[in-house]
Number of protein chains: 2
Amino acid sequence: VRAAARTGAYTGQTSGLAGSHLQANVVILPSEFAFEFLLFCQRNPKPCPVIEVLEPGVVEPLRSAPGADIRTDVPRYRVFRDGVLVDEPTDLRAHWREDLVTFLLGCSFTFERALLRVGIPLPHVGSDRTVAMYRTSLRCAPAGRLRGPLVVSMRWVAPGLVARAVEVTSRYEAVHGAPVHVGGPAALGIADLGRPDYGDAWEQPDGALPVFWACGVTPQAAAVESRPPLMITHAPGHMLVTDLLDLDVARP
Amino acid sequence: VRAAARTGAYTGQTSGLAGSHLQANVVILPSEFAFEFLLFCQRNPKPCPVIEVLEPGVVEPLRSAPGADIRTDVPRYRVFRDGVLVDEPTDLRAHWREDLVTFLLGCSFTFERALLRVGIPLPHVGSDRTVAMYRTSLRCAPAGRLRGPLVVSMRWVAPGLVARAVEVTSRYEAVHGAPVHVGGPAALGIADLGRPDYGDAWEQPDGALPVFWACGVTPQAAAVESRPPLMITHAPGHMLVTDLLDLDVARP
């Protein structure tokens, strides 16, 4: 997947790709924001579970994806300047600077195989669509100049499988872990599940409950609200595939 | 305990004090080291599980110990200048600067009640002695200018209780979690368990195995090796008692 993203042959979303490999959200900031963003992650571990931090100017994630180049190996990026989305390139080489610090955060796509295995259907897996994501009315704990709302991903789960979905995903803390909310979208400030802020809507299966997991798109909402001069991220659903495996980060 | 430390009425070690309250290691660094130290913690979560980070100049841990003052409420501190221990005061007010950033890291004293509850004797609890701690030959993952060895605490555990000790403490990831090593001190580079690098030696109960947990004194060993111009810590065994409870940080 990384090689195809690097050449530009693949620019799509990554849910269901690369089997058991851990997928990662990407956040790239100037080094003057590095401490504040790492502190934002420490204070908001559900949306921002840190997998790896690359030191300033470093483009190879030695711990989680040796050989990868963070400037080219994500299918699609987003570039925010002063909180405004100004570009969605498939390659970052024109934007790269030596003072940029890259953060990789765990993505819930990593535990989707485990959800499928216990019988929870996920129709977006294996399609060209991605999970539905919503900005909520819940606030993240701020850190320095960084603040913003919690963003969640949503999957429909049958009532008889909700507890199983919690049990299974609670083992995967490094990729958001257990859900933050089950049912009741109004309490999250979500007026219409049919209109996600990111990703694709997904029709409610008969009687299913919406189950919400904290989402690594949260830093993108923080960029819009906090307006750092520059923040570069993956495009929602278009993740970095790492060499780590889902079982590497699962609790025994 | 904090009030008594603040007035100077109590300057001793804190194992076994304050019942079920989470105890914390303290690391204070100039803000120019803040990102590197937080990254050191992210890369070494077993010895350095972050409970709270106070922003530059802030002395009150609002999240974990509201009302406390980090400059006075620890029974005893250590001041390292260029890697050299230069002072062991009971009060930091003379050393305080507005650019200092405080990190609180979980301490294994927090799970000692749980170990006692499952029948593992801990003779130092309730005495004026503290747990034995050792610098090992294992290296922490470096971060920027910070590097050093892993420090461990050791408790003797009867063979029939070793698995229980692992199970119990693995629930407490925020205070070092499961052991890093069972038996075999030579593999950690520890030549003589009777001569700990910090704390007090503890005679081997008949047939017991030494069980080693990652220890929050690790940053003090990193100070000695990395020589930042200033690092202030608690004195080993002399922790900050927080308002958090052991069950607040235990996995369900």
# chains A, B, ... in the order shown; residues from 1 in each chain; ligands from 1
>>> residues_around(residues="Pro228 in chain B", least_positions_apart="5", cutoff="7 Å", atoms="only C-alpha atoms", output="PyMOL selection string")
chain B and resi 81-83+223
>>> write_last_selection(atoms="N, CA and C atoms", output="mmCIF file, in the first residue's frame")
data_model
loop_
_atom_site.group_PDB
_atom_site.id
_atom_site.type_symbol
_atom_site.label_atom_id
_atom_site.label_comp_id
_atom_site.auth_asym_id
_atom_site.auth_seq_id
_atom_site.Cartn_x
_atom_site.Cartn_y
_atom_site.Cartn_z
ATOM 1 N N ARG B 81 22.552 19.517 38.700
ATOM 2 C CA ARG B 81 23.050 20.551 37.780
ATOM 3 C C ARG B 81 24.130 19.914 36.921
ATOM 4 N N ASP B 82 23.975 19.990 35.612
ATOM 5 C CA ASP B 82 24.916 19.353 34.682
ATOM 6 C C ASP B 82 25.155 17.890 35.043
ATOM 7 N N GLY B 83 24.127 17.221 35.505
ATOM 8 C CA GLY B 83 24.217 15.799 35.801
ATOM 9 C C GLY B 83 24.769 15.465 37.177
ATOM 10 N N ALA B 223 19.381 11.995 33.964
ATOM 11 C CA ALA B 223 19.982 13.304 34.289
ATOM 12 C C ALA B 223 21.485 13.160 34.455
#
>>> residues_around(residues="range 128-139 of chain A", least_positions_apart="3", cutoff="7 Å", atoms="only C-alpha atoms", output="mmCIF file with C-alpha atoms, in the first residue's frame")
data_model
loop_
_atom_site.group_PDB
_atom_site.id
_atom_site.type_symbol
_atom_site.label_atom_id
_atom_site.label_comp_id
_atom_site.auth_asym_id
_atom_site.auth_seq_id
_atom_site.Cartn_x
_atom_site.Cartn_y
_atom_site.Cartn_z
ATOM 1 C CA GLN A 13 -8.919 5.307 1.467
ATOM 2 C CA SER A 15 -9.909 0.772 5.481
ATOM 3 C CA HIS A 124 -17.236 0.044 4.171
ATOM 4 C CA GLY A 148 -10.722 21.830 19.677
ATOM 5 C CA PRO A 149 -13.625 19.382 19.695
ATOM 6 C CA LEU A 150 -13.485 15.616 19.940
ATOM 7 C CA VAL A 151 -14.018 13.908 16.579
ATOM 8 C CA VAL A 152 -15.510 10.399 16.564
ATOM 9 C CA SER A 153 -15.888 7.589 14.057
ATOM 10 C CA MET A 154 -19.190 5.699 14.038
ATOM 11 C CA LEU A 188 -22.590 14.354 21.286
ATOM 12 C CA GLY A 189 -24.186 17.279 19.471
ATOM 13 C CA ILE A 190 -24.687 15.185 16.325
ATOM 14 C CA PRO A 196 -20.986 13.073 8.589
ATOM 15 C CA ASP A 197 -18.337 15.818 8.777
ATOM 16 C CA TYR A 198 -15.735 13.467 7.290
ATOM 17 C CA GLY A 199 -16.011 10.147 5.427
ATOM 18 C CA ASP A 200 -19.172 8.525 4.115
ATOM 19 C CA ALA A 201 -22.645 8.104 5.591
ATOM 20 C CA TRP A 202 -23.751 4.536 6.183
ATOM 21 C CA GLY A 237 -9.598 7.681 5.887
#
>>> closest_atom_pairs(of="chain A", to="chain B", cutoff="9 Å", atoms="only C-alpha atoms", output="tab-separated table")
residue	atom	partner	partner_atom	distance
A:Ala34	CA	B:Phe35	CA	6.5
A:Phe35	CA	B:Phe35	CA	4.4
A:Glu36	CA	B:Phe35	CA	8.0
A:Leu38	CA	B:Leu38	CA	7.3
A:Leu39	CA	B:Val53	CA	7.4
A:Gln42	CA	B:Val50	CA	7.6
A:Arg43	CA	B:Glu52	CA	7.9
A:Val50	CA	B:Gln42	CA	7.6
A:Ile51	CA	B:Gln42	CA	8.6
A:Glu52	CA	B:Arg43	CA	7.9
A:Val53	CA	B:Leu39	CA	7.4
A:Glu55	CA	B:Gly144	CA	7.6
A:Ala143	CA	B:Glu55	CA	8.4
A:Gly144	CA	B:Glu55	CA	7.7
>>> select_by_dssp(residues="range 7-199 of chain A", states="helix (DSSP H, G or I)", output="PyMOL selection string")
chain A and resi 7+31-43+93-95+108-117+159-170+173-175+185-188
>>> atom_distance(atom1="CA of Ala178 in chain B", atom2="CA of Trp213 in chain B")
6.9 Å
>>> residues_around(residues="Ala4 in chain A", least_positions_apart="2", cutoff="10 Å", atoms="only C-alpha atoms", output="MDAnalysis selection string")
chainID A and resid 1:2 6:11 72:75
>>> write_last_selection(atoms="N, CA, C and O atoms", output="PDB file, in the first residue's frame")
ATOM      1  N   VAL A   1       0.843  -1.206   0.000  1.00  0.00           N
ATOM      2  CA  VAL A   1       0.000   0.000   0.000  1.00  0.00           C
ATOM      3  C   VAL A   1       0.874   1.250   0.000  1.00  0.00           C
ATOM      4  O   VAL A   1       0.625   2.199  -0.753  1.00  0.00           O
ATOM      5  N   ARG A   2       1.953   1.220   0.835  1.00  0.00           N
ATOM      6  CA  ARG A   2       2.840   2.395   0.879  1.00  0.00           C
ATOM      7  C   ARG A   2       3.544   2.611  -0.454  1.00  0.00           C
ATOM      8  O   ARG A   2       3.677   3.750  -0.931  1.00  0.00           O
ATOM      9  N   ARG A   6       3.274   5.816  -2.779  1.00  0.00           N
ATOM     10  CA  ARG A   6       4.483   6.579  -3.102  1.00  0.00           C
ATOM     11  C   ARG A   6       4.547   6.943  -4.582  1.00  0.00           C
ATOM     12  O   ARG A   6       4.889   8.063  -4.935  1.00  0.00           O
ATOM     13  N   THR A   7       4.175   6.006  -5.427  1.00  0.00           N
ATOM     14  CA  THR A   7       4.235   6.281  -6.873  1.00  0.00           C
ATOM     15  C   THR A   7       3.019   7.060  -7.349  1.00  0.00           C
ATOM     16  O   THR A   7       2.990   7.509  -8.492  1.00  0.00           O
ATOM     17  N   GLY A   8       2.012   7.186  -6.477  1.00  0.00           N
ATOM     18  CA  GLY A   8       0.781   7.843  -6.899  1.00  0.00           C
ATOM     19  C   GLY A   8      -0.205   6.878  -7.536  1.00  0.00           C
ATOM     20  O   GLY A   8      -1.288   7.276  -7.964  1.00  0.00           O
ATOM     21  N   ALA A   9       0.155   5.584  -7.577  1.00  0.00           N
ATOM     22  CA  ALA A   9      -0.751   4.601  -8.188  1.00  0.00           C
ATOM     23  C   ALA A   9      -1.998   4.401  -7.330  1.00  0.00           C
ATOM     24  O   ALA A   9      -3.061   4.039  -7.846  1.00  0.00           O
ATOM     25  N   TYR A  10      -1.882   4.621  -6.006  1.00  0.00           N
ATOM     26  CA  TYR A  10      -3.050   4.492  -5.131  1.00  0.00           C
ATOM     27  C   TYR A  10      -3.250   5.780  -4.347  1.00  0.00           C
ATOM     28  O   TYR A  10      -2.336   6.236  -3.655  1.00  0.00           O
ATOM     29  N   THR A  11      -4.443   6.369  -4.446  1.00  0.00           N
ATOM     30  CA  THR A  11      -4.736   7.620  -3.740  1.00  0.00           C
ATOM     31  C   THR A  11      -6.034   7.509  -2.950  1.00  0.00           C
ATOM     32  O   THR A  11      -6.597   8.521  -2.531  1.00  0.00           O
ATOM     33  N   THR A  72       5.637  10.862   1.196  1.00  0.00           N
ATOM     34  CA  THR A  72       5.093  10.278  -0.048  1.00  0.00           C
ATOM     35  C   THR A  72       4.195   9.060   0.176  1.00  0.00           C
ATOM     36  O   THR A  72       3.434   8.704  -0.738  1.00  0.00           O
ATOM     37  N   ASP A  73       4.264   8.419   1.345  1.00  0.00           N
ATOM     38  CA  ASP A  73       3.696   7.070   1.471  1.00  0.00           C
ATOM     39  C   ASP A  73       2.278   7.034   2.030  1.00  0.00           C
ATOM     40  O   ASP A  73       1.749   5.962   2.334  1.00  0.00           O
ATOM     41  N   VAL A  74       1.667   8.190   2.186  1.00  0.00           N
ATOM     42  CA  VAL A  74       0.255   8.278   2.571  1.00  0.00           C
ATOM     43  C   VAL A  74      -0.522   8.578   1.280  1.00  0.00           C
ATOM     44  O   VAL A  74      -0.079   9.394   0.471  1.00  0.00           O
ATOM     45  N   PRO A  75      -1.664   7.911   1.068  1.00  0.00           N
ATOM     46  CA  PRO A  75      -2.350   8.098  -0.224  1.00  0.00           C
ATOM     47  C   PRO A  75      -2.762   9.549  -0.501  1.00  0.00           C
ATOM     48  O   PRO A  75      -2.716   9.998  -1.651  1.00  0.00           O
TER      49      PRO A  75
END
>>> atom_distance(atom1="CA of Val157 in chain B", atom2="CA of Ala214 in chain B")
16.0 Å
>>> residues_around(residues="Gly184 in chain A", least_positions_apart="5", cutoff="12 Å", atoms="only C-alpha atoms", output="list in words")
Met154, Gly189, Ile190, Ala191, Asp192, Leu193, Leu209, Pro210, Val211 and Phe212 of chain A
>>> atom_distance(atom1="CA of Trp156 in chain A", atom2="CA of Glu88 in chain A")
29.1 Å
>>> residues_around(residues="Arg71 in chain A", least_positions_apart="4", cutoff="8 Å", atoms="only C-alpha atoms", output="PDB file with C-alpha atoms, in the first residue's frame")
ATOM      1  CA  VAL A  59      10.926  11.535   7.329  1.00  0.00           C
ATOM      2  CA  ASP A  91       2.858  14.053  -2.122  1.00  0.00           C
ATOM      3  CA  LEU A  92       4.366  16.437   0.453  1.00  0.00           C
ATOM      4  CA  ARG A  93       7.795  17.028  -1.024  1.00  0.00           C
ATOM      5  CA  TRP A  96       8.563  19.757   3.410  1.00  0.00           C
TER       6      TRP A  96
END
>>> decode(residues="range 49-72 of chain A", atoms="N, CA and C atoms", output="PDB file, in the first residue's frame")
ATOM      1  N   PRO A  49      -3.802   8.581  20.486  1.00  0.00           N
ATOM      2  CA  PRO A  49      -2.836   7.617  21.030  1.00  0.00           C
ATOM      3  C   PRO A  49      -1.558   7.627  20.190  1.00  0.00           C
ATOM      4  N   VAL A  50      -0.450   8.016  20.805  1.00  0.00           N
ATOM      5  CA  VAL A  50       0.786   8.213  20.039  1.00  0.00           C
ATOM      6  C   VAL A  50       1.461   6.875  19.751  1.00  0.00           C
ATOM      7  N   ILE A  51       1.708   6.600  18.489  1.00  0.00           N
ATOM      8  CA  ILE A  51       2.435   5.405  18.073  1.00  0.00           C
ATOM      9  C   ILE A  51       3.920   5.725  17.935  1.00  0.00           C
ATOM     10  N   GLU A  52       4.232   6.854  17.326  1.00  0.00           N
ATOM     11  CA  GLU A  52       5.635   7.221  17.124  1.00  0.00           C
ATOM     12  C   GLU A  52       5.715   8.716  16.859  1.00  0.00           C
ATOM     13  N   VAL A  53       6.833   9.312  17.312  1.00  0.00           N
ATOM     14  CA  VAL A  53       7.120  10.717  17.017  1.00  0.00           C
ATOM     15  C   VAL A  53       8.476  10.763  16.321  1.00  0.00           C
ATOM     16  N   LEU A  54       8.521  11.434  15.183  1.00  0.00           N
ATOM     17  CA  LEU A  54       9.789  11.577  14.438  1.00  0.00           C
ATOM     18  C   LEU A  54      10.411  12.915  14.819  1.00  0.00           C
ATOM     19  N   GLU A  55      11.687  12.916  15.069  1.00  0.00           N
ATOM     20  CA  GLU A  55      12.338  14.151  15.470  1.00  0.00           C
ATOM     21  C   GLU A  55      12.389  15.143  14.293  1.00  0.00           C
ATOM     22  N   PRO A  56      12.667  16.432  14.562  1.00  0.00           N
ATOM     23  CA  PRO A  56      12.550  17.459  13.514  1.00  0.00           C
ATOM     24  C   PRO A  56      13.283  17.082  12.226  1.00  0.00           C
ATOM     25  N   GLY A  57      12.598  17.206  11.111  1.00  0.00           N
ATOM     26  CA  GLY A  57      13.192  16.962   9.807  1.00  0.00           C
ATOM     27  C   GLY A  57      13.251  15.504   9.397  1.00  0.00           C
ATOM     28  N   VAL A  58      13.009  14.590  10.327  1.00  0.00           N
ATOM     29  CA  VAL A  58      13.110  13.154  10.025  1.00  0.00           C
ATOM     30  C   VAL A  58      11.863  12.719   9.250  1.00  0.00           C
ATOM     31  N   VAL A  59      12.059  11.951   8.170  1.00  0.00           N
ATOM     32  CA  VAL A  59      10.926  11.535   7.329  1.00  0.00           C
ATOM     33  C   VAL A  59      10.680  10.023   7.352  1.00  0.00           C
ATOM     34  N   GLU A  60      11.560   9.274   8.026  1.00  0.00           N
ATOM     35  CA  GLU A  60      11.402   7.811   8.066  1.00  0.00           C
ATOM     36  C   GLU A  60      10.967   7.370   9.464  1.00  0.00           C
ATOM     37  N   PRO A  61       9.807   6.741   9.581  1.00  0.00           N
ATOM     38  CA  PRO A  61       9.360   6.249  10.893  1.00  0.00           C
ATOM     39  C   PRO A  61      10.101   4.953  11.240  1.00  0.00           C
ATOM     40  N   LEU A  62      11.268   5.090  11.875  1.00  0.00           N
ATOM     41  CA  LEU A  62      12.155   3.940  12.102  1.00  0.00           C
ATOM     42  C   LEU A  62      11.519   2.868  12.974  1.00  0.00           C
ATOM     43  N   ARG A  63      10.669   3.275  13.897  1.00  0.00           N
ATOM     44  CA  ARG A  63      10.102   2.308  14.832  1.00  0.00           C
ATOM     45  C   ARG A  63       8.904   1.558  14.244  1.00  0.00           C
ATOM     46  N   SER A  64       8.063   2.263  13.507  1.00  0.00           N
ATOM     47  CA  SER A  64       6.810   1.628  13.088  1.00  0.00           C
ATOM     48  C   SER A  64       6.733   1.350  11.590  1.00  0.00           C
ATOM     49  N   ALA A  65       7.560   2.019  10.780  1.00  0.00           N
ATOM     50  CA  ALA A  65       7.489   1.790   9.330  1.00  0.00           C
ATOM     51  C   ALA A  65       8.858   2.042   8.697  1.00  0.00           C
ATOM     52  N   PRO A  66       9.866   1.241   9.078  1.00  0.00           N
ATOM     53  CA  PRO A  66      11.207   1.470   8.524  1.00  0.00           C
ATOM     54  C   PRO A  66      11.184   1.366   6.998  1.00  0.00           C
ATOM     55  N   GLY A  67      11.885   2.284   6.358  1.00  0.00           N
ATOM     56  CA  GLY A  67      11.889   2.315   4.899  1.00  0.00           C
ATOM     57  C   GLY A  67      10.837   3.243   4.318  1.00  0.00           C
ATOM     58  N   ALA A  68       9.832   3.593   5.107  1.00  0.00           N
ATOM     59  CA  ALA A  68       8.785   4.486   4.596  1.00  0.00           C
ATOM     60  C   ALA A  68       9.292   5.919   4.548  1.00  0.00           C
ATOM     61  N   ASP A  69       8.639   6.732   3.742  1.00  0.00           N
ATOM     62  CA  ASP A  69       8.912   8.167   3.672  1.00  0.00           C
ATOM     63  C   ASP A  69       7.596   8.890   3.934  1.00  0.00           C
ATOM     64  N   ILE A  70       7.570   9.635   5.036  1.00  0.00           N
ATOM     65  CA  ILE A  70       6.307  10.246   5.464  1.00  0.00           C
ATOM     66  C   ILE A  70       5.814  11.278   4.452  1.00  0.00           C
ATOM     67  N   ARG A  71       6.682  11.728   3.549  1.00  0.00           N
ATOM     68  CA  ARG A  71       6.296  12.753   2.574  1.00  0.00           C
ATOM     69  C   ARG A  71       5.553  12.191   1.362  1.00  0.00           C
ATOM     70  N   THR A  72       5.637  10.862   1.196  1.00  0.00           N
ATOM     71  CA  THR A  72       5.093  10.278  -0.048  1.00  0.00           C
ATOM     72  C   THR A  72       4.195   9.060   0.176  1.00  0.00           C
TER      73      THR A  72
END
